[in-house]
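The file entry.cif comes next; it holds mmCIF, C-alpha atoms and all ligand atoms.
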data_start
#
loop_
_atom_site.label_atom_id
_atom_site.label_comp_id
_atom_site.auth_asym_id
_atom_site.auth_seq_id
_atom_site.Cartn_x
_atom_site.Cartn_y
_atom_site.Cartn_z
CA MET R 579 -24.64 -23.80 7.11
CA ASP R 580 -21.47 -22.53 5.51
CA LEU R 581 -21.24 -18.75 5.92
CA ARG R 582 -20.33 -18.38 2.26
CA ASP R 583 -23.57 -20.10 1.23
CA LEU R 584 -25.64 -18.13 3.76
CA LEU R 585 -24.34 -14.81 2.46
CA GLY R 586 -23.64 -15.72 -1.18
CA ILE R 587 -19.98 -14.69 -0.96
CA GLU R 588 -16.69 -16.22 -2.11
CA TYR R 589 -14.60 -15.77 1.06
CA PRO R 590 -15.91 -16.15 4.65
CA ILE R 591 -14.82 -12.59 5.37
CA ILE R 592 -17.04 -9.64 6.25
CA GLN R 593 -16.18 -6.00 6.70
CA GLY R 594 -16.60 -4.21 10.04
CA GLY R 595 -19.13 -1.39 10.47
CA MET R 596 -16.59 1.44 10.54
CA ALA R 597 -18.84 4.45 11.20
CA ASN R 598 -18.03 7.57 9.16
CA ILE R 599 -15.57 5.52 7.09
CA ALA R 600 -17.31 2.65 5.31
CA ASP R 601 -19.12 4.38 2.45
CA HIS R 602 -20.04 3.02 -1.00
CA ARG R 603 -16.38 2.96 -2.07
CA LEU R 604 -15.16 0.60 0.66
CA ALA R 605 -18.36 -1.48 0.78
CA SER R 606 -18.38 -2.13 -2.98
CA ALA R 607 -14.63 -2.84 -3.04
CA ILE R 608 -15.00 -5.53 -0.37
CA SER R 609 -18.02 -7.09 -2.05
CA ASN R 610 -16.30 -7.04 -5.45
CA ALA R 611 -13.24 -8.64 -3.81
CA GLY R 612 -15.37 -11.62 -2.72
CA GLY R 613 -16.20 -10.68 0.88
CA LEU R 614 -19.29 -9.03 2.34
CA GLY R 615 -18.99 -5.25 2.13
CA LEU R 616 -21.02 -3.12 4.52
CA ILE R 617 -22.10 0.48 4.60
CA GLY R 618 -21.27 1.80 8.07
CA ALA R 619 -24.42 3.79 8.81
CA GLY R 620 -23.23 5.07 12.23
CA GLY R 621 -22.77 8.83 12.10
CA TRP R 622 -25.09 9.36 9.10
CA ASP R 623 -28.75 10.25 8.75
CA VAL R 624 -31.23 8.25 6.71
CA ASP R 625 -30.83 10.34 3.52
CA ARG R 626 -27.09 9.89 3.50
CA VAL R 627 -27.40 6.15 4.09
CA ARG R 628 -29.97 5.84 1.27
CA ASP R 629 -27.58 7.66 -1.05
CA GLU R 630 -24.72 5.34 -0.03
CA ILE R 631 -26.89 2.25 -0.59
CA ARG R 632 -27.88 3.41 -4.08
CA LYS R 633 -24.29 4.23 -5.02
CA THR R 634 -23.16 0.81 -3.78
CA LYS R 635 -25.83 -0.88 -5.91
CA GLU R 636 -24.35 0.87 -8.94
CA LEU R 637 -20.83 -0.28 -8.13
CA THR R 638 -21.44 -3.96 -7.39
CA ASP R 639 -23.89 -6.69 -8.25
CA LYS R 640 -22.54 -8.81 -5.39
CA PRO R 641 -24.26 -9.03 -1.97
CA PHE R 642 -23.54 -6.23 0.50
CA GLY R 643 -25.05 -5.12 3.80
CA VAL R 644 -25.59 -2.22 6.16
CA ASN R 645 -24.15 -1.90 9.67
CA ILE R 646 -26.46 -0.03 12.03
CA MET R 647 -24.82 1.61 15.05
CA LEU R 648 -27.63 1.37 17.59
CA MET R 649 -26.48 4.34 19.68
CA SER R 650 -27.13 6.55 16.62
CA PRO R 651 -30.18 8.87 16.87
CA HIS R 652 -31.01 7.72 13.31
CA ALA R 653 -31.04 3.98 14.08
CA LYS R 654 -34.85 3.65 13.99
CA ASP R 655 -35.19 5.40 10.60
CA ILE R 656 -32.33 3.34 9.17
CA SER R 657 -33.98 0.16 10.48
CA ASP R 658 -36.92 0.93 8.12
CA LEU R 659 -34.70 2.08 5.26
CA VAL R 660 -32.91 -1.28 5.00
CA ILE R 661 -36.30 -2.93 4.42
CA GLU R 662 -37.38 -0.36 1.82
CA GLU R 663 -34.08 -0.75 -0.02
CA ASN R 664 -34.16 -4.57 0.01
CA ILE R 665 -30.90 -4.91 1.87
CA LYS R 666 -29.82 -8.55 2.15
CA VAL R 667 -27.76 -8.43 5.37
CA VAL R 668 -27.79 -6.17 8.43
CA THR R 669 -25.15 -6.16 11.14
CA THR R 670 -25.67 -4.15 14.32
CA GLY R 671 -23.33 -2.75 16.95
CA ALA R 672 -23.23 -0.79 20.19
CA GLY R 673 -26.60 -1.92 21.50
CA ASN R 674 -29.47 -4.38 21.48
CA PRO R 675 -31.22 -4.83 18.09
CA GLY R 676 -34.06 -6.85 19.71
CA ILE R 677 -36.85 -4.36 18.90
CA TYR R 678 -36.07 -4.52 15.16
CA MET R 679 -35.53 -8.26 14.77
CA LYS R 680 -39.13 -9.25 14.00
CA LYS R 681 -39.64 -6.79 11.13
CA TRP R 682 -36.21 -7.53 9.66
CA LYS R 683 -36.84 -11.29 9.74
CA GLU R 684 -40.30 -10.81 8.16
CA ALA R 685 -38.61 -8.83 5.38
CA GLY R 686 -36.20 -11.74 4.79
CA ILE R 687 -33.13 -9.85 5.98
CA ILE R 688 -30.20 -11.87 7.34
CA VAL R 689 -29.53 -10.36 10.78
CA ILE R 690 -26.04 -10.56 12.27
CA PRO R 691 -25.66 -8.64 15.55
CA VAL R 692 -22.19 -7.84 16.86
CA VAL R 693 -21.87 -9.07 20.45
CA PRO R 694 -19.21 -8.63 23.15
CA SER R 695 -20.36 -11.31 25.64
CA VAL R 696 -21.83 -14.82 25.98
CA ALA R 697 -25.03 -13.65 27.71
CA PHE R 698 -25.81 -11.18 24.95
CA ALA R 699 -24.99 -13.78 22.29
CA LYS R 700 -27.42 -16.29 23.82
CA ARG R 701 -30.19 -13.70 24.07
CA LEU R 702 -29.89 -12.67 20.42
CA ALA R 703 -29.61 -16.26 19.19
CA ARG R 704 -32.91 -16.92 20.99
CA ASN R 705 -34.39 -13.78 19.39
CA GLY R 706 -33.75 -15.08 15.86
CA ALA R 707 -30.29 -13.83 14.86
CA ASP R 708 -29.00 -15.74 11.81
CA ALA R 709 -25.34 -15.49 12.84
CA LEU R 710 -23.27 -13.46 15.30
CA VAL R 711 -20.15 -11.37 14.99
CA VAL R 712 -18.31 -12.07 18.24
CA GLU R 713 -16.02 -9.12 18.82
CA GLY R 714 -13.11 -9.25 21.25
CA THR R 715 -11.66 -6.27 23.07
CA GLU R 716 -8.70 -6.19 20.63
CA ALA R 717 -11.01 -4.55 18.08
CA GLY R 718 -11.01 -0.85 17.24
CA GLY R 719 -13.76 1.61 18.11
CA HIS R 720 -16.46 0.75 20.65
CA ILE R 721 -15.52 -2.48 22.41
CA GLY R 722 -16.39 -4.99 25.11
CA GLU R 723 -14.14 -6.35 27.85
CA ILE R 724 -13.27 -9.90 26.77
CA SER R 725 -10.53 -10.95 24.37
CA THR R 726 -11.27 -12.75 21.10
CA MET R 727 -9.26 -15.82 22.12
CA VAL R 728 -11.51 -16.63 25.08
CA LEU R 729 -14.80 -15.10 23.92
CA VAL R 730 -15.15 -16.88 20.57
CA PRO R 731 -15.02 -20.50 21.85
CA GLN R 732 -17.39 -19.68 24.72
CA VAL R 733 -19.97 -18.25 22.32
CA VAL R 734 -19.43 -21.15 19.90
CA ASP R 735 -20.31 -23.52 22.76
CA ALA R 736 -23.34 -21.46 23.81
CA VAL R 737 -25.22 -20.97 20.50
CA ASP R 738 -26.29 -23.03 17.46
CA ILE R 739 -25.81 -20.34 14.81
CA PRO R 740 -22.61 -19.48 12.89
CA VAL R 741 -20.08 -17.33 14.75
CA ILE R 742 -17.92 -14.79 12.94
CA ALA R 743 -14.83 -13.81 14.93
CA ALA R 744 -13.68 -10.19 15.16
CA GLY R 745 -11.00 -8.27 17.00
CA GLY R 746 -7.30 -8.74 16.35
CA ILE R 747 -7.60 -10.48 12.97
CA ALA R 748 -5.49 -9.01 10.17
CA ASP R 749 -3.93 -11.92 8.30
CA SER R 750 -4.30 -15.60 7.43
CA ARG R 751 -2.94 -16.65 10.85
CA GLY R 752 -5.82 -14.79 12.47
CA LEU R 753 -8.31 -16.44 10.11
CA ASP R 754 -6.91 -19.89 10.91
CA ALA R 755 -6.94 -19.20 14.66
CA ALA R 756 -10.56 -18.08 14.44
CA PHE R 757 -11.55 -21.26 12.58
CA ILE R 758 -9.78 -23.43 15.12
CA LEU R 759 -11.70 -21.64 17.88
CA GLY R 760 -14.89 -22.70 16.09
CA ALA R 761 -15.74 -19.59 14.08
CA LYS R 762 -17.13 -19.92 10.53
CA GLY R 763 -15.75 -16.59 9.32
CA VAL R 764 -14.01 -13.38 10.33
CA GLN R 765 -14.80 -9.69 10.38
CA LEU R 766 -12.01 -7.29 9.42
CA GLY R 767 -11.70 -3.60 10.21
CA THR R 768 -8.25 -2.27 11.05
CA VAL R 769 -6.43 -3.99 8.18
CA LEU R 770 -8.95 -2.48 5.75
CA LEU R 771 -8.07 1.03 6.93
CA ALA R 772 -4.83 0.40 5.07
CA SER R 773 -6.47 -0.24 1.70
CA TYR R 774 -6.41 1.99 -1.38
CA GLU R 775 -10.20 1.99 -1.44
CA CYS R 776 -10.68 3.07 2.19
CA PRO R 777 -11.78 6.72 1.99
CA ILE R 778 -9.86 8.14 4.97
CA HIS R 779 -7.20 10.83 5.12
CA GLU R 780 -3.68 9.59 4.33
CA ASN R 781 -2.51 10.67 7.82
CA TYR R 782 -4.94 8.09 9.25
CA LYS R 783 -3.53 5.35 6.98
CA ASN R 784 0.04 6.31 7.86
CA LYS R 785 -0.76 6.27 11.56
CA VAL R 786 -2.03 2.69 11.21
CA LEU R 787 1.07 1.65 9.23
CA LYS R 788 3.41 3.16 11.84
CA ALA R 789 1.58 1.67 14.84
CA LYS R 790 3.45 -0.75 17.09
CA ASP R 791 1.85 -3.40 19.30
CA THR R 792 1.39 -0.97 22.21
CA GLU R 793 0.02 1.89 20.13
CA THR R 794 -3.69 1.73 21.09
CA VAL R 795 -5.43 2.94 24.26
CA VAL R 796 -9.03 2.68 25.43
CA THR R 797 -10.89 5.89 26.17
CA GLY R 798 -14.33 6.12 27.78
CA ARG R 799 -14.16 3.06 30.01
CA HIS R 800 -15.90 4.84 32.90
CA THR R 801 -18.66 6.40 30.72
CA GLY R 802 -19.86 2.96 29.65
CA ALA R 803 -18.71 3.43 26.02
CA PRO R 804 -15.10 2.25 25.84
CA VAL R 805 -13.49 3.14 22.52
CA ARG R 806 -10.10 1.87 21.29
CA VAL R 807 -8.05 4.48 19.43
CA LEU R 808 -4.45 5.03 18.39
CA LYS R 809 -2.47 7.12 20.90
CA ASN R 810 -2.23 10.86 20.28
CA LYS R 811 -2.80 14.21 22.01
CA MET R 812 -6.59 13.82 21.91
CA ALA R 813 -6.47 10.37 23.51
CA ARG R 814 -4.08 11.59 26.23
CA GLU R 815 -6.31 14.59 27.00
CA TYR R 816 -9.37 12.37 27.15
CA LEU R 817 -7.68 9.96 29.54
CA ASP R 818 -6.48 12.88 31.70
CA LEU R 819 -10.01 14.31 31.83
CA THR R 820 -11.43 11.02 33.07
CA LYS R 821 -8.61 10.12 35.43
CA TYR R 822 -10.53 11.30 38.46
CA GLY R 823 -13.93 10.26 37.09
CA SER R 824 -15.32 13.80 37.02
CA ALA R 825 -15.44 14.94 33.37
CA ASP R 826 -18.87 15.83 31.98
CA LEU R 827 -20.34 13.47 29.40
CA GLU R 828 -21.01 16.14 26.80
CA GLN R 829 -17.39 17.20 26.80
CA LEU R 830 -16.31 13.59 26.38
CA GLU R 831 -18.84 12.99 23.57
CA LYS R 832 -17.40 15.95 21.67
CA LEU R 833 -13.98 14.42 22.07
CA THR R 834 -15.09 11.07 20.57
CA LEU R 835 -17.59 11.00 17.67
CA GLY R 836 -16.78 14.60 16.61
CA SER R 837 -13.09 13.89 16.70
CA LEU R 838 -13.52 10.69 14.64
CA ARG R 839 -14.59 12.98 11.77
CA LYS R 840 -11.49 15.12 12.36
CA ALA R 841 -9.36 12.01 11.96
CA VAL R 842 -11.19 10.64 8.91
CA PHE R 843 -11.60 13.83 6.87
CA ASP R 844 -8.93 16.27 8.10
CA GLY R 845 -6.23 13.83 9.19
CA ASP R 846 -5.94 15.99 12.34
CA LEU R 847 -3.10 14.14 14.08
CA ASP R 848 -3.49 15.99 17.41
CA GLY R 849 -7.28 16.43 17.65
CA GLY R 850 -8.57 13.40 15.74
CA SER R 851 -9.88 10.16 17.23
CA PHE R 852 -8.08 7.48 15.19
CA MET R 853 -10.17 4.40 15.95
CA ALA R 854 -8.18 1.21 15.30
CA GLY R 855 -7.69 -2.21 16.82
CA GLN R 856 -4.62 -3.82 18.34
CA SER R 857 -3.96 -5.55 15.01
CA ALA R 858 -2.67 -2.18 13.71
CA GLY R 859 0.76 -3.50 14.76
CA LEU R 860 0.38 -6.23 12.11
CA VAL R 861 -0.46 -3.86 9.26
CA LYS R 862 2.58 -2.87 7.23
CA GLU R 863 1.47 -1.70 3.77
CA ILE R 864 -1.36 -0.23 1.78
CA ARG R 865 -2.92 -2.78 -0.57
CA SER R 866 -6.10 -3.16 -2.58
CA CYS R 867 -9.06 -4.82 -0.85
CA LYS R 868 -8.76 -7.63 -3.39
CA ASP R 869 -5.12 -8.28 -2.45
CA ILE R 870 -5.88 -8.16 1.29
CA LEU R 871 -8.72 -10.70 1.05
CA LYS R 872 -6.91 -12.95 -1.43
CA ASP R 873 -3.78 -13.01 0.74
CA ILE R 874 -5.71 -13.90 3.89
CA PHE R 875 -7.69 -16.66 2.24
CA GLU R 876 -5.04 -18.15 -0.03
CA ASN R 877 -2.45 -18.37 2.78
CA SER R 878 -4.88 -19.97 5.18
CA LEU R 879 -3.60 -23.37 6.31
CA VAL R 880 -7.16 -24.37 7.22
CA TYR R 881 -8.40 -23.70 3.68
CA LYS R 882 -5.38 -25.44 2.15
CA GLY R 883 -6.37 -28.46 4.22
CA ILE R 884 -3.04 -28.49 6.08
CA ILE R 885 -4.64 -28.10 9.52
O1 LIG V 1 -20.13 -1.02 17.64
C1 LIG V 1 -19.00 -1.42 17.53
N1 LIG V 1 -17.94 -0.64 17.22
C2 LIG V 1 -18.02 0.73 17.03
S1 LIG V 1 -19.43 1.67 17.02
C3 LIG V 1 -18.53 3.05 16.78
S2 LIG V 1 -19.22 4.64 16.68
C4 LIG V 1 -19.08 5.14 18.31
N2 LIG V 1 -18.26 6.11 18.58
C5 LIG V 1 -18.12 6.59 19.81
C6 LIG V 1 -18.82 6.02 20.87
C7 LIG V 1 -19.62 4.99 20.62
C8 LIG V 1 -19.77 4.52 19.32
C9 LIG V 1 -17.22 2.74 16.70
N3 LIG V 1 -16.96 1.44 16.83
N4 LIG V 1 -18.72 -2.75 17.71
C10 LIG V 1 -19.73 -3.67 18.10
C11 LIG V 1 -19.91 -3.67 19.56
N5 LIG V 1 -21.07 -3.71 20.14
N6 LIG V 1 -18.95 -3.59 20.47
C12 LIG V 1 -19.54 -3.61 21.70
C13 LIG V 1 -20.89 -3.68 21.46
C14 LIG V 1 -21.95 -3.73 22.42
C15 LIG V 1 -21.81 -3.17 23.67
C16 LIG V 1 -22.84 -3.21 24.58
C17 LIG V 1 -23.15 -4.33 22.07
C18 LIG V 1 -24.18 -4.36 22.98
C19 LIG V 1 -24.02 -3.80 24.23
O2 LIG V 1 -24.99 -3.81 25.17
C20 LIG V 1 -26.28 -4.06 24.76
C21 LIG V 1 -27.31 -3.95 25.82
O3 LIG V 1 -28.22 -3.14 25.61
O4 LIG V 1 -27.22 -4.70 26.81
#

Any chance you could give the structure as structure tokens?
Amino acid sequence: MDLRDLLGIEYPIIQGGMANIADHRLASAISNAGGLGLIGAGGWDVDRVRDEIRKTKELTDKPFGVNIMLMSPHAKDISDLVIEENIKVVTTGAGNPGIYMKKWKEAGIIVIPVVPSVAFAKRLARNGADALVVEGTEAGGHIGEISTMVLVPQVVDAVDIPVIAAGGIADSRGLDAAFILGAKGVQLGTVLLASYECPIHENYKNKVLKAKDTETVVTGRHTGAPVRVLKNKMAREYLDLTKYGSADLEQLEKLTLGSLRKAVFDGDLDGGSFMAGQSAGLVKEIRSCKDILKDIFENSLVYKGII
């Protein structure tokens, strides 16, 4: 089935989870622009997520969803909240949503897990996922090991449900490449950081705009939670701490999720964790969500029927 029909959206474009960033302002802007906006529930408790859902309902009558970060201590409560609030679509990241699938499906929710590997994709397709976001290691934030270019076609071959490509996609060339690899849609994150509606500190936006191709590093590889961020003092310190594999996990945790807030709210250039994908090097200006989505879709050679 066409992803646009499945989700009731105009463009086959969905927004990434973006914990601590994607509130009602970004989610409603993406949905109103014709994509699928999502509230990034990672980092928030159930009351905050309920509040964000209700505010989003006031700002758009288009479909939107909730992204549940499964490493969050609030994941279980939020898994019930999305049913209570009649949420149409749930995406999940950073873990296995298997224990929630049955109740979500019974509630009629469209479930789209984010997966970083073929084995995990096959397991979740068997468990009843409606579609998959297949996220390559080019993405920002918490990532897997395999690049989008090789992961997407392998998952497309392995499952019978629609695949949405993620990681490294910031313009119409990325959309076209994803379609040629067999995807039915794309998920965007990094390029949306550079939107007027994205509620992050302007230092964060400027850091994305200034980023070159080599500007991201991956912290946390040896703790089992690799996270791609833009280079800065915090990232260098983190990598130094883990160089000899001896840093304690609590210290590292403080440096990651806590420092994401420092980046998002304070624009703390030295101490913040500026999560972003490798596509930051492609992002050159701040635009509205509507302009970003329109540009990607209207310049797509696949959608113009040229390729
Ligand atoms: O989840 C994401 N991206 C994220 S979550 C996040 S918040 C955070 N901050 C600091 C540390 C950890 C999280 C920022 N960005 N993307 C989807 C994604 N899921 N990427 C990789 C995975 C994944 C990894 C392992 C999914 C499942 C998995 O293993 C599942 C299992 O139990 O076998």

* Using all atoms listed in the file, which of the listed residues (R:Ile591, R:Ile739, R:Val730, R:Leu838) sits closest to ligand LIG 1 (chain V)? ->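 Distance minimum relative to ligand LIG 1 (chain V) lands on R:Leu838.
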
* Asked: Out of R:Ser837, R:Ser657, R:Asn781, R:Gln732, which residue has the shortest atom-to-atom distance to Leu759 of chain R when counting all atoms listed in the file?
  ->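 Smallest distance to Leu759 of chain R is found for R:Gln732.
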
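For the residues R:Asp625, R:Glu663, R:Asp873, R:Glu713, ranking by smallest atom-to-atom distance to ligand LIG 1 (chain V) using only C-alpha atoms and all ligand atoms places R:Glu713 first.
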
* Identify which of the residues R:Gly621, R:Pro731, R:Pro777, R:Gly849 lies closest to ligand LIG 1 (chain V), counting all atoms listed in the file when measuring atom-to-atom distances. =>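 Using all atoms listed in the file, the shortest distance to ligand LIG 1 (chain V) belongs to R:Gly621.
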
* Asked: Quick one: residues within 12 Å of Ile688 of chain R, only C-alpha atoms counted, chain neighbours fewer than 6 positions away excluded, as a ChimeraX atom specification?
  -> /R:581,584-586,641-645,660-661,664-670,679-682,706-710

* Which residue out of R:Ser725, R:Thr638, R:Thr820, R:Asn810 has the minimum interatomic distance to ligand LIG 1 (chain V) when all atoms listed in the file are used? ->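 For ligand LIG 1 (chain V), the nearest of the candidates is R:Ser725.
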
* Asked: Which one of R:Thr634, R:Asn705, R:Thr801, R:Ser773 sits closest to ligand LIG 1 (chain V) if you count only C-alpha atoms and all ligand atoms?
  ->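 Checking each candidate against ligand LIG 1 (chain V), we get R:Thr801 as the closest.
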
What residues have an atom no more than 10 Å from (-19.3, -13.9, 6.6) in the file's own frame, counting only C-alpha atoms, and can you write them as an mmCIF file with C-alpha atoms, in the coordinates of the input?
data_model
loop_
_atom_site.group_PDB
_atom_site.id
_atom_site.type_symbol
_atom_site.label_atom_id
_atom_site.label_comp_id
_atom_site.auth_asym_id
_atom_site.auth_seq_id
_atom_site.Cartn_x
_atom_site.Cartn_y
_atom_site.Cartn_z
ATOM 1 C CA ASP R 580 -21.470 -22.530 5.510
ATOM 2 C CA LEU R 581 -21.240 -18.750 5.920
ATOM 3 C CA ARG R 582 -20.330 -18.380 2.260
ATOM 4 C CA ASP R 583 -23.570 -20.100 1.230
ATOM 5 C CA LEU R 584 -25.640 -18.130 3.760
ATOM 6 C CA LEU R 585 -24.340 -14.810 2.460
ATOM 7 C CA GLY R 586 -23.640 -15.720 -1.180
ATOM 8 C CA ILE R 587 -19.980 -14.690 -0.960
ATOM 9 C CA GLU R 588 -16.690 -16.220 -2.110
ATOM 10 C CA TYR R 589 -14.600 -15.770 1.060
ATOM 11 C CA PRO R 590 -15.910 -16.150 4.650
ATOM 12 C CA ILE R 591 -14.820 -12.590 5.370
ATOM 13 C CA ILE R 592 -17.040 -9.640 6.250
ATOM 14 C CA GLN R 593 -16.180 -6.000 6.700
ATOM 15 C CA GLY R 613 -16.200 -10.680 0.880
ATOM 16 C CA LEU R 614 -19.290 -9.030 2.340
ATOM 17 C CA GLY R 615 -18.990 -5.250 2.130
ATOM 18 C CA ILE R 690 -26.040 -10.560 12.270
ATOM 19 C CA ALA R 709 -25.340 -15.490 12.840
ATOM 20 C CA LEU R 710 -23.270 -13.460 15.300
ATOM 21 C CA VAL R 711 -20.150 -11.370 14.990
ATOM 22 C CA PRO R 740 -22.610 -19.480 12.890
ATOM 23 C CA VAL R 741 -20.080 -17.330 14.750
ATOM 24 C CA ILE R 742 -17.920 -14.790 12.940
ATOM 25 C CA ALA R 743 -14.830 -13.810 14.930
ATOM 26 C CA LYS R 762 -17.130 -19.920 10.530
ATOM 27 C CA GLY R 763 -15.750 -16.590 9.320
ATOM 28 C CA VAL R 764 -14.010 -13.380 10.330
ATOM 29 C CA GLN R 765 -14.800 -9.690 10.380
#

* Suppose you want the space between atom C15 of ligand LIG 1 (chain V) and atom CA of Gln829 of chain R; what is it in Å? ->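 Taking atom C15 of ligand LIG 1 (chain V) as the start and atom CA of Gln829 of chain R as the end point, the length is 21.1 Å.
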
* Asked: Got a sec to check which residues lie within 9 Å of ligand LIG 1 (chain V), using all atoms listed in the file, and send them as a VMD selection string?
  -> chain R and resid 594 to 598 620 to 621 645 to 650 670 to 675 691 to 695 698 711 to 715 717 to 723 798 802 to 806 831 834 to 836 838 853 to 854

Can I get the selected residues back with C-alpha atoms, as a PDB file, in the coordinates of the input?
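Written output follows (part04.pdb):
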ATOM      1  CA  GLY R 594     -16.600  -4.210  10.040  1.00  0.00           C
ATOM      2  CA  GLY R 595     -19.130  -1.390  10.470  1.00  0.00           C
ATOM      3  CA  MET R 596     -16.590   1.440  10.540  1.00  0.00           C
ATOM      4  CA  ALA R 597     -18.840   4.450  11.200  1.00  0.00           C
ATOM      5  CA  ASN R 598     -18.030   7.570   9.160  1.00  0.00           C
ATOM      6  CA  GLY R 620     -23.230   5.070  12.230  1.00  0.00           C
ATOM      7  CA  GLY R 621     -22.770   8.830  12.100  1.00  0.00           C
ATOM      8  CA  ASN R 645     -24.150  -1.900   9.670  1.00  0.00           C
ATOM      9  CA  ILE R 646     -26.460  -0.030  12.030  1.00  0.00           C
ATOM     10  CA  MET R 647     -24.820   1.610  15.050  1.00  0.00           C
ATOM     11  CA  LEU R 648     -27.630   1.370  17.590  1.00  0.00           C
ATOM     12  CA  MET R 649     -26.480   4.340  19.680  1.00  0.00           C
ATOM     13  CA  SER R 650     -27.130   6.550  16.620  1.00  0.00           C
ATOM     14  CA  THR R 670     -25.670  -4.150  14.320  1.00  0.00           C
ATOM     15  CA  GLY R 671     -23.330  -2.750  16.950  1.00  0.00           C
ATOM     16  CA  ALA R 672     -23.230  -0.790  20.190  1.00  0.00           C
ATOM     17  CA  GLY R 673     -26.600  -1.920  21.500  1.00  0.00           C
ATOM     18  CA  ASN R 674     -29.470  -4.380  21.480  1.00  0.00           C
ATOM     19  CA  PRO R 675     -31.220  -4.830  18.090  1.00  0.00           C
ATOM     20  CA  PRO R 691     -25.660  -8.640  15.550  1.00  0.00           C
ATOM     21  CA  VAL R 692     -22.190  -7.840  16.860  1.00  0.00           C
ATOM     22  CA  VAL R 693     -21.870  -9.070  20.450  1.00  0.00           C
ATOM     23  CA  PRO R 694     -19.210  -8.630  23.150  1.00  0.00           C
ATOM     24  CA  SER R 695     -20.360 -11.310  25.640  1.00  0.00           C
ATOM     25  CA  PHE R 698     -25.810 -11.180  24.950  1.00  0.00           C
ATOM     26  CA  VAL R 711     -20.150 -11.370  14.990  1.00  0.00           C
ATOM     27  CA  VAL R 712     -18.310 -12.070  18.240  1.00  0.00           C
ATOM     28  CA  GLU R 713     -16.020  -9.120  18.820  1.00  0.00           C
ATOM     29  CA  GLY R 714     -13.110  -9.250  21.250  1.00  0.00           C
ATOM     30  CA  THR R 715     -11.660  -6.270  23.070  1.00  0.00           C
ATOM     31  CA  ALA R 717     -11.010  -4.550  18.080  1.00  0.00           C
ATOM     32  CA  GLY R 718     -11.010  -0.850  17.240  1.00  0.00           C
ATOM     33  CA  GLY R 719     -13.760   1.610  18.110  1.00  0.00           C
ATOM     34  CA  HIS R 720     -16.460   0.750  20.650  1.00  0.00           C
ATOM     35  CA  ILE R 721     -15.520  -2.480  22.410  1.00  0.00           C
ATOM     36  CA  GLY R 722     -16.390  -4.990  25.110  1.00  0.00           C
ATOM     37  CA  GLU R 723     -14.140  -6.350  27.850  1.00  0.00           C
ATOM     38  CA  GLY R 798     -14.330   6.120  27.780  1.00  0.00           C
ATOM     39  CA  GLY R 802     -19.860   2.960  29.650  1.00  0.00           C
ATOM     40  CA  ALA R 803     -18.710   3.430  26.020  1.00  0.00           C
ATOM     41  CA  PRO R 804     -15.100   2.250  25.840  1.00  0.00           C
ATOM     42  CA  VAL R 805     -13.490   3.140  22.520  1.00  0.00           C
ATOM     43  CA  ARG R 806     -10.100   1.870  21.290  1.00  0.00           C
ATOM     44  CA  GLU R 831     -18.840  12.990  23.570  1.00  0.00           C
ATOM     45  CA  THR R 834     -15.090  11.070  20.570  1.00  0.00           C
ATOM     46  CA  LEU R 835     -17.590  11.000  17.670  1.00  0.00           C
ATOM     47  CA  GLY R 836     -16.780  14.600  16.610  1.00  0.00           C
ATOM     48  CA  LEU R 838     -13.520  10.690  14.640  1.00  0.00           C
ATOM     49  CA  MET R 853     -10.170   4.400  15.950  1.00  0.00           C
ATOM     50  CA  ALA R 854      -8.180   1.210  15.300  1.00  0.00           C
TER      51      ALA R 854
END

* Can you work out the spacing between atom CA of Thr797 of chain R and atom CA of Glu828 of chain R in Å, to one decimal? =>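 One can read the atom CA of Thr797 of chain R to atom CA of Glu828 of chain R distance as 14.4 Å.
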
* **Within 7 Å of file point (-10.3, -9.2, -6.0), counting only C-alpha atoms, expressed as a VMD selection string** => chain R and resid 610 to 612 867 to 869 872

* Give me, please, the distance in Å between atom CA of Gly883 of chain R and atom CA of Ala761 of chain R, quoted to one decimal. =>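 Computed distance, atom CA of Gly883 of chain R to atom CA of Ala761 of chain R, equals 16.2 Å.
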
* Counting only C-alpha atoms, what is within 9 Å of Ala697 of chain R, bar same-chain residues fewer than 5 positions away, as a VMD selection string? -> chain R and resid 702 733 736
